[in-house]
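See below for query35.pdb, which holds PDB, C-alpha atoms.
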MODEL        1
ATOM      1  CA  MET A   1       3.936 -25.152  38.111
ATOM      2  CA  ASN A   2       2.301 -23.353  35.203
ATOM      3  CA  ASN A   3       4.057 -25.008  32.278
ATOM      4  CA  VAL A   4       2.906 -27.714  29.911
ATOM      5  CA  ALA A   5       5.692 -30.133  30.844
ATOM      6  CA  HIS A   6       4.558 -30.359  34.471
ATOM      7  CA  PRO A   7       2.576 -33.627  34.850
ATOM      8  CA  GLU A   8      -0.355 -32.146  36.785
ATOM      9  CA  PHE A   9      -0.695 -29.186  34.450
ATOM     10  CA  ALA A  10      -0.436 -31.445  31.388
ATOM     11  CA  ALA A  11      -3.182 -33.678  32.802
ATOM     12  CA  THR A  12      -5.460 -30.664  33.180
ATOM     13  CA  ALA A  13      -4.696 -29.572  29.613
ATOM     14  CA  LEU A  14      -5.415 -33.022  28.198
ATOM     15  CA  ALA A  15      -8.703 -33.267  30.079
ATOM     16  CA  HIS A  16      -9.761 -29.925  28.612
ATOM     17  CA  LEU A  17      -8.768 -30.872  25.051
ATOM     18  CA  ARG A  18     -10.513 -34.229  25.227
ATOM     19  CA  GLN A  19     -13.725 -32.659  26.501
ATOM     20  CA  SER A  20     -13.785 -29.623  24.210
ATOM     21  CA  ASP A  21     -12.980 -31.228  20.841
ATOM     22  CA  ALA A  22     -13.949 -34.743  19.750
ATOM     23  CA  LEU A  23     -11.441 -34.739  16.877
ATOM     24  CA  MET A  24      -8.624 -33.725  19.205
ATOM     25  CA  ARG A  25      -9.733 -36.421  21.650
ATOM     26  CA  ASP A  26      -9.413 -38.976  18.862
ATOM     27  CA  LEU A  27      -5.950 -37.671  17.963
ATOM     28  CA  ILE A  28      -4.797 -37.870  21.588
ATOM     29  CA  ASP A  29      -6.066 -41.462  21.772
ATOM     30  CA  ARG A  30      -4.169 -42.339  18.579
ATOM     31  CA  ILE A  31      -0.864 -40.806  19.642
ATOM     32  CA  GLY A  32      -0.847 -41.560  23.341
ATOM     33  CA  PRO A  33       0.830 -39.795  26.268
ATOM     34  CA  PHE A  34       2.029 -36.210  26.126
ATOM     35  CA  THR A  35       5.823 -36.473  26.448
ATOM     36  CA  LEU A  36       7.137 -32.967  25.786
ATOM     37  CA  ARG A  37      10.369 -32.190  27.671
ATOM     38  CA  LEU A  38      11.568 -28.629  27.997
ATOM     39  CA  HIS A  39      14.927 -27.407  26.659
ATOM     40  CA  ARG A  40      16.483 -25.904  29.775
ATOM     41  CA  ASP A  41      19.486 -24.140  28.196
ATOM     42  CA  ARG A  42      17.813 -21.102  26.681
ATOM     43  CA  PHE A  43      20.805 -19.720  24.815
ATOM     44  CA  ASP A  44      21.668 -23.102  23.344
ATOM     45  CA  THR A  45      18.039 -23.526  22.273
ATOM     46  CA  LEU A  46      18.107 -20.262  20.334
ATOM     47  CA  VAL A  47      21.435 -21.143  18.723
ATOM     48  CA  GLY A  48      19.949 -24.432  17.550
ATOM     49  CA  SER A  49      16.847 -22.678  16.239
ATOM     50  CA  ILE A  50      18.900 -20.330  14.064
ATOM     51  CA  ILE A  51      21.116 -23.128  12.777
ATOM     52  CA  SER A  52      18.147 -25.303  11.791
ATOM     53  CA  GLN A  53      16.340 -22.694   9.713
ATOM     54  CA  GLN A  54      15.612 -23.941   6.168
ATOM     55  CA  ILE A  55      17.892 -26.982   6.351
ATOM     56  CA  SER A  56      17.304 -30.621   7.252
ATOM     57  CA  TRP A  57      17.432 -31.876  10.807
ATOM     58  CA  LYS A  58      20.430 -34.064   9.937
ATOM     59  CA  ALA A  59      22.410 -31.148   8.466
ATOM     60  CA  ALA A  60      21.539 -28.919  11.431
ATOM     61  CA  ARG A  61      22.690 -31.547  13.913
ATOM     62  CA  SER A  62      26.003 -31.947  12.093
ATOM     63  CA  ILE A  63      26.653 -28.193  12.053
ATOM     64  CA  LYS A  64      25.715 -27.880  15.732
ATOM     65  CA  GLN A  65      28.132 -30.650  16.654
ATOM     66  CA  ARG A  66      30.974 -28.968  14.772
ATOM     67  CA  LEU A  67      30.119 -25.638  16.376
ATOM     68  CA  ASN A  68      30.243 -27.240  19.830
ATOM     69  CA  GLU A  69      33.681 -28.624  19.018
ATOM     70  CA  LEU A  70      34.860 -25.194  17.856
ATOM     71  CA  ILE A  71      33.906 -23.574  21.165
ATOM     72  CA  ASN A  72      35.068 -26.558  23.260
ATOM     73  CA  GLY A  73      31.571 -27.505  24.332
ATOM     74  CA  LYS A  74      30.869 -24.208  26.075
ATOM     75  CA  MET A  75      27.805 -22.750  24.373
ATOM     76  CA  THR A  76      27.796 -19.344  25.999
ATOM     77  CA  PRO A  77      27.358 -15.865  24.509
ATOM     78  CA  GLU A  78      30.953 -15.031  25.408
ATOM     79  CA  ALA A  79      32.398 -18.154  23.794
ATOM     80  CA  LEU A  80      30.407 -17.669  20.613
ATOM     81  CA  ALA A  81      31.074 -13.932  20.348
ATOM     82  CA  ALA A  82      34.816 -14.591  20.518
ATOM     83  CA  HIS A  83      34.751 -15.968  16.957
ATOM     84  CA  SER A  84      34.592 -14.109  13.667
ATOM     85  CA  PRO A  85      31.944 -14.787  11.013
ATOM     86  CA  GLU A  86      34.650 -16.339   8.853
ATOM     87  CA  THR A  87      35.591 -18.798  11.599
ATOM     88  CA  LEU A  88      31.967 -19.721  12.215
ATOM     89  CA  ARG A  89      31.519 -20.446   8.521
ATOM     90  CA  THR A  90      34.150 -23.204   8.755
ATOM     91  CA  VAL A  91      31.646 -25.385  10.640
ATOM     92  CA  GLY A  92      29.168 -25.214   7.758
ATOM     93  CA  LEU A  93      27.192 -22.090   8.616
ATOM     94  CA  SER A  94      26.190 -19.681   5.892
ATOM     95  CA  GLY A  95      27.515 -16.153   6.183
ATOM     96  CA  GLN A  96      24.034 -14.961   7.055
ATOM     97  CA  LYS A  97      23.548 -17.475   9.865
ATOM     98  CA  ALA A  98      27.024 -16.749  11.232
ATOM     99  CA  ASN A  99      26.033 -13.099  11.512
ATOM    100  CA  TYR A 100      22.708 -14.059  13.100
ATOM    101  CA  LEU A 101      24.476 -16.122  15.760
ATOM    102  CA  LEU A 102      26.929 -13.342  16.516
ATOM    103  CA  ASP A 103      24.065 -10.870  16.806
ATOM    104  CA  LEU A 104      22.341 -13.223  19.253
ATOM    105  CA  ALA A 105      25.534 -13.730  21.264
ATOM    106  CA  THR A 106      26.284 -10.025  21.442
ATOM    107  CA  LYS A 107      22.778  -9.008  22.469
ATOM    108  CA  VAL A 108      22.538 -11.700  25.153
ATOM    109  CA  ARG A 109      26.028 -10.929  26.453
ATOM    110  CA  ASP A 110      25.245  -7.213  26.618
ATOM    111  CA  LYS A 111      21.838  -7.923  28.219
ATOM    112  CA  GLN A 112      19.914  -6.297  25.418
ATOM    113  CA  VAL A 113      18.134  -9.642  25.240
ATOM    114  CA  ARG A 114      17.546 -10.689  28.844
ATOM    115  CA  LEU A 115      17.333 -14.479  28.895
ATOM    116  CA  SER A 116      17.764 -14.551  32.673
ATOM    117  CA  ARG A 117      14.499 -12.623  33.084
ATOM    118  CA  ILE A 118      12.554 -13.967  30.145
ATOM    119  CA  SER A 119      10.524 -16.479  32.127
ATOM    120  CA  ARG A 120       8.877 -13.584  33.974
ATOM    121  CA  MET A 121       7.710 -11.912  30.758
ATOM    122  CA  THR A 122       4.340 -12.329  29.074
ATOM    123  CA  ASP A 123       4.129 -14.251  25.817
ATOM    124  CA  ASP A 124       4.007 -11.048  23.789
ATOM    125  CA  GLU A 125       6.925  -9.595  25.723
ATOM    126  CA  VAL A 126       9.000 -12.713  25.035
ATOM    127  CA  ILE A 127       8.286 -12.426  21.318
ATOM    128  CA  ALA A 128       9.241  -8.744  21.340
ATOM    129  CA  GLU A 129      12.417  -9.501  23.303
ATOM    130  CA  LEU A 130      13.615 -12.295  21.021
ATOM    131  CA  THR A 131      12.728 -10.701  17.704
ATOM    132  CA  GLN A 132      15.281  -7.986  18.422
ATOM    133  CA  VAL A 133      17.800 -10.570  17.224
ATOM    134  CA  LYS A 134      18.516 -10.795  13.513
ATOM    135  CA  GLY A 135      17.224 -14.099  12.194
ATOM    136  CA  ILE A 136      14.664 -14.648  14.949
ATOM    137  CA  GLY A 137      11.099 -14.067  13.836
ATOM    138  CA  VAL A 138       7.742 -14.661  15.470
ATOM    139  CA  TRP A 139       7.683 -18.391  14.626
ATOM    140  CA  THR A 140      11.087 -19.023  16.228
ATOM    141  CA  ALA A 141       9.988 -17.048  19.285
ATOM    142  CA  GLN A 142       6.809 -19.137  19.485
ATOM    143  CA  MET A 143       8.862 -22.349  19.381
ATOM    144  CA  PHE A 144      10.945 -20.976  22.246
ATOM    145  CA  LEU A 145       7.802 -20.195  24.216
ATOM    146  CA  ILE A 146       6.600 -23.786  23.844
ATOM    147  CA  PHE A 147       9.783 -25.848  24.008
ATOM    148  CA  ALA A 148      11.952 -23.747  26.339
ATOM    149  CA  LEU A 149       9.428 -21.986  28.587
ATOM    150  CA  GLY A 150       6.531 -24.434  28.406
ATOM    151  CA  ARG A 151       3.932 -21.739  27.833
ATOM    152  CA  PRO A 152       0.524 -23.425  27.568
ATOM    153  CA  ASP A 153      -1.431 -21.361  25.053
ATOM    154  CA  ILE A 154       0.791 -20.780  22.009
ATOM    155  CA  PHE A 155      -0.796 -21.422  18.624
ATOM    156  CA  PRO A 156       1.685 -21.043  15.713
ATOM    157  CA  HIS A 157      -0.909 -20.726  12.974
ATOM    158  CA  ASP A 158       1.699 -20.043  10.271
ATOM    159  CA  ASP A 159       3.470 -23.362  10.851
ATOM    160  CA  LEU A 160       3.046 -25.635   7.824
ATOM    161  CA  GLY A 161       2.893 -28.777   9.937
ATOM    162  CA  ILE A 162       0.117 -27.316  12.076
ATOM    163  CA  ARG A 163      -1.871 -26.216   9.040
ATOM    164  CA  SER A 164      -1.384 -29.589   7.318
ATOM    165  CA  ALA A 165      -2.561 -31.475  10.399
ATOM    166  CA  ILE A 166      -5.633 -29.256  10.773
ATOM    167  CA  ARG A 167      -6.456 -29.806   7.125
ATOM    168  CA  ARG A 168      -6.333 -33.584   7.580
ATOM    169  CA  MET A 169      -8.136 -33.542  10.907
ATOM    170  CA  HIS A 170     -11.050 -31.527   9.514
ATOM    171  CA  GLN A 171     -10.904 -33.020   6.008
ATOM    172  CA  LEU A 172     -10.514 -29.622   4.367
ATOM    173  CA  GLU A 173      -9.986 -29.122   0.649
ATOM    174  CA  GLU A 174      -7.118 -26.674   1.201
ATOM    175  CA  LEU A 175      -4.726 -25.600   3.927
ATOM    176  CA  PRO A 176      -6.549 -23.323   6.363
ATOM    177  CA  GLY A 177      -5.694 -19.635   6.492
ATOM    178  CA  LYS A 178      -5.043 -17.649   9.651
ATOM    179  CA  MET A 179      -8.673 -16.837  10.435
ATOM    180  CA  GLN A 180      -9.935 -20.360   9.865
ATOM    181  CA  SER A 181      -7.030 -21.868  11.821
ATOM    182  CA  HIS A 182      -7.800 -19.696  14.830
ATOM    183  CA  GLU A 183     -11.499 -20.511  14.620
ATOM    184  CA  LEU A 184     -10.789 -24.242  14.613
ATOM    185  CA  ALA A 185      -8.265 -23.827  17.433
ATOM    186  CA  ALA A 186     -10.677 -21.877  19.653
ATOM    187  CA  PRO A 187     -11.857 -24.983  21.594
ATOM    188  CA  TRP A 188      -8.243 -25.767  22.536
ATOM    189  CA  ARG A 189      -7.735 -22.534  24.448
ATOM    190  CA  PRO A 190      -6.100 -22.022  26.889
ATOM    191  CA  TYR A 191      -3.992 -25.096  26.097
ATOM    192  CA  ALA A 192      -3.192 -24.584  22.420
ATOM    193  CA  SER A 193       0.475 -25.530  22.936
ATOM    194  CA  VAL A 194      -0.502 -29.065  23.909
ATOM    195  CA  ALA A 195      -2.847 -29.304  20.929
ATOM    196  CA  ALA A 196      -0.044 -28.057  18.662
ATOM    197  CA  TRP A 197       2.270 -30.780  19.980
ATOM    198  CA  TYR A 198      -0.265 -33.449  19.040
ATOM    199  CA  LEU A 199      -0.775 -31.894  15.617
ATOM    200  CA  TRP A 200       2.975 -31.983  14.951
ATOM    201  CA  ARG A 201       3.158 -35.590  16.068
ATOM    202  CA  SER A 202       0.355 -36.495  13.686
ATOM    203  CA  VAL A 203       2.198 -35.164  10.629
ATOM    204  CA  ASP A 204       5.426 -36.825  11.798
ATOM    205  CA  GLY A 205       3.756 -40.168  11.257
ATOM    206  CA  ASP A 206       3.059 -40.946  14.911
ATOM    207  CA  ALA A 207      -0.661 -41.147  14.297
ATOM    208  CA  LYS A 208      -2.692 -42.245  11.334
ATOM    209  CA  LEU A 209      -5.403 -39.733  10.542
ATOM    210  CA  PRO A 210      -8.359 -40.799   8.445
ATOM    211  CA  ASP A 211      -8.111 -39.986   4.768
ATOM    212  CA  LYS A 212     -10.616 -37.572   3.300
ATOM    213  CA  LYS A 213     -13.780 -39.344   2.175
TER     214      LYS A 213
ENDMDL
END

Encoded form using structure tokens:
Amino acid sequence: MNNVAHPEFAATALAHLRQSDALMRDLIDRIGPFTLRLHRDRFDTLVGSIISQQISWKAARSIKQRLNELINGKMTPEALAAHSPETLRTVGLSGQKANYLLDLATKVRDKQVRLSRISRMTDDEVIAELTQVKGIGVWTAQMFLIFALGRPDIFPHDDLGIRSAIRRMHQLEELPGKMQSHELAAPWRPYASVAAWYLWRSVDGDAKLPDKK
């Protein structure tokens, strides 16, 4: 199975990363096993992604719980689209995010966004498909590719956590830009998603990286 959560595929990815980049090998040794688990409910994953934009994890979880209660635990496009923006705002959503969620629900319900077929699309096609939805940009689509579809070679160079981890790993004076990030990530191909997971874990405090000397 060609996704990063499959044990055999993950083992191949880790072997490649350890051999191709000594600094990544050290990071893998510090953090330990690769434990990514895919989010199987694709629609629910996208709903959560929109809710969590620019707010804390704790606030996003609270809003998601209240939204689940509002729709009686049935997170489907039809159930969500049945509510008005005003009703959705009662669970703590901003007006903008309420409209984003309704746009997502409507486009999935009407099959303008084809979640049932999305696993058969290329990475670029998935990004194009999802960014039709208001409030879903390239970064959110990349997170979906990694955490919902398990695509192996996604490198979200604009992600602040990724850039911060690269800066620490390579002891850079400043956060790397797009070109430099891609140059430093080149040895990780074609398993950049696994490398990204380890970079995120490192900035979450799961590994202690050496301070700049």

Evaluate the PyMOL selection byres ((chain A and resi 143) around 12) and record the selected residues as a PyMOL selection string, following the chain and residue labels used in the document. chain A and resi 38-39+42+45-46+48-50+123+126-127+130+136-142+144-159+193+196-197

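If you look at CA of Thr106 in chain A and CA of Gln54 in chain A, they are 23.3 Å away from each other.
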
Could you pull the residues within 9 Å of Leu199 in chain A, counting all atoms listed in the file, minus those fewer than 6 positions along the same chain, as a PyMOL selection string? chain A and resi 24+27+161-166+169

So the first atom is CA of Trp188 in chain A and the second is CA of Leu17 in chain A; what is the distance between them in Å, to one decimal place? 5.7 Å

Which residues would end up in the selection if the PyMOL selection byres ((chain A and resi 80) around 12) were applied here, given that I need the answer as a PyMOL selection string? chain A and resi 43-44+47+67-79+81-85+87-88+98-109

Taking all listed atoms of range 15-32 of chain A, build the axis-aligned box, pad each of the six sides by 4 Å, then write its centre and edge lengths in Å to one decimal as lines of an AutoDock Vina configuration file.
center_x = -7.4
center_y = -36.0
center_z = 23.5
size_x = 21.1
size_y = 20.7
size_z = 21.2

Between CA of Arg61 in chain A and CA of Leu93 in chain A, what is the distance in Å, rounded to a tenth? 11.7 Å

Polymer residues at most 6 Å from (-8.8, -34.1, 25.8) by all atoms listed in the file, as a ChimeraX atom specification: /A:14-19,25

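For Asp26 in chain A, the residues within 12 Å (counting only C-alpha atoms, excluding itself and residues fewer than 3 positions away along the chain) are Leu14, Leu17, Arg18, Gln19, Ser20, Asp21, Ala22, Leu23, Asp29, Arg30, Ile31, Gly32, Met169, Ala195, Tyr198, Leu199, Ser202, Ala207, Lys208, Leu209 and Pro210 of chain A.
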
Counting all atoms listed in the file, figure out which residue out of A:Glu183, A:Phe34, A:Lys134, A:Ser94 gets nearest to Phe9 in chain A. A:Phe34

Please rebuild range 105-118 of chain A with N, CA and C atoms and give the result as an mmCIF file, keeping the file's coordinate frame.
data_model
loop_
_atom_site.group_PDB
_atom_site.id
_atom_site.type_symbol
_atom_site.label_atom_id
_atom_site.label_comp_id
_atom_site.auth_asym_id
_atom_site.auth_seq_id
_atom_site.Cartn_x
_atom_site.Cartn_y
_atom_site.Cartn_z
ATOM 1 N N ALA A 105 24.544 -13.661 20.192
ATOM 2 C CA ALA A 105 25.534 -13.730 21.264
ATOM 3 C C ALA A 105 25.816 -12.352 21.850
ATOM 4 N N THR A 106 25.971 -11.376 20.987
ATOM 5 C CA THR A 106 26.284 -10.025 21.442
ATOM 6 C C THR A 106 25.140 -9.428 22.256
ATOM 7 N N LYS A 107 23.921 -9.607 21.775
ATOM 8 C CA LYS A 107 22.778 -9.008 22.469
ATOM 9 C C LYS A 107 22.483 -9.701 23.798
ATOM 10 N N VAL A 108 22.719 -11.009 23.877
ATOM 11 C CA VAL A 108 22.538 -11.700 25.153
ATOM 12 C C VAL A 108 23.660 -11.322 26.114
ATOM 13 N N ARG A 109 24.883 -11.302 25.611
ATOM 14 C CA ARG A 109 26.028 -10.929 26.453
ATOM 15 C C ARG A 109 25.864 -9.524 27.028
ATOM 16 N N ASP A 110 25.390 -8.609 26.195
ATOM 17 C CA ASP A 110 25.245 -7.213 26.618
ATOM 18 C C ASP A 110 23.907 -6.931 27.313
ATOM 19 N N LYS A 111 23.131 -8.003 27.511
ATOM 20 C CA LYS A 111 21.838 -7.923 28.219
ATOM 21 C C LYS A 111 20.807 -7.056 27.506
ATOM 22 N N GLN A 112 20.982 -6.910 26.199
ATOM 23 C CA GLN A 112 19.914 -6.297 25.418
ATOM 24 C C GLN A 112 18.759 -7.281 25.276
ATOM 25 N N VAL A 113 19.110 -8.551 25.162
ATOM 26 C CA VAL A 113 18.134 -9.642 25.240
ATOM 27 C C VAL A 113 18.370 -10.331 26.576
ATOM 28 N N ARG A 114 17.368 -10.295 27.446
ATOM 29 C CA ARG A 114 17.546 -10.689 28.844
ATOM 30 C C ARG A 114 17.010 -12.100 29.090
ATOM 31 N N LEU A 115 17.783 -13.099 28.734
ATOM 32 C CA LEU A 115 17.333 -14.479 28.895
ATOM 33 C C LEU A 115 17.145 -14.855 30.357
ATOM 34 N N SER A 116 17.890 -14.224 31.255
ATOM 35 C CA SER A 116 17.764 -14.551 32.673
ATOM 36 C C SER A 116 16.422 -14.098 33.247
ATOM 37 N N ARG A 117 15.776 -13.158 32.583
ATOM 38 C CA ARG A 117 14.499 -12.623 33.084
ATOM 39 C C ARG A 117 13.309 -13.038 32.216
ATOM 40 N N ILE A 118 13.580 -13.771 31.161
ATOM 41 C CA ILE A 118 12.554 -13.967 30.145
ATOM 42 C C ILE A 118 11.376 -14.804 30.638
#
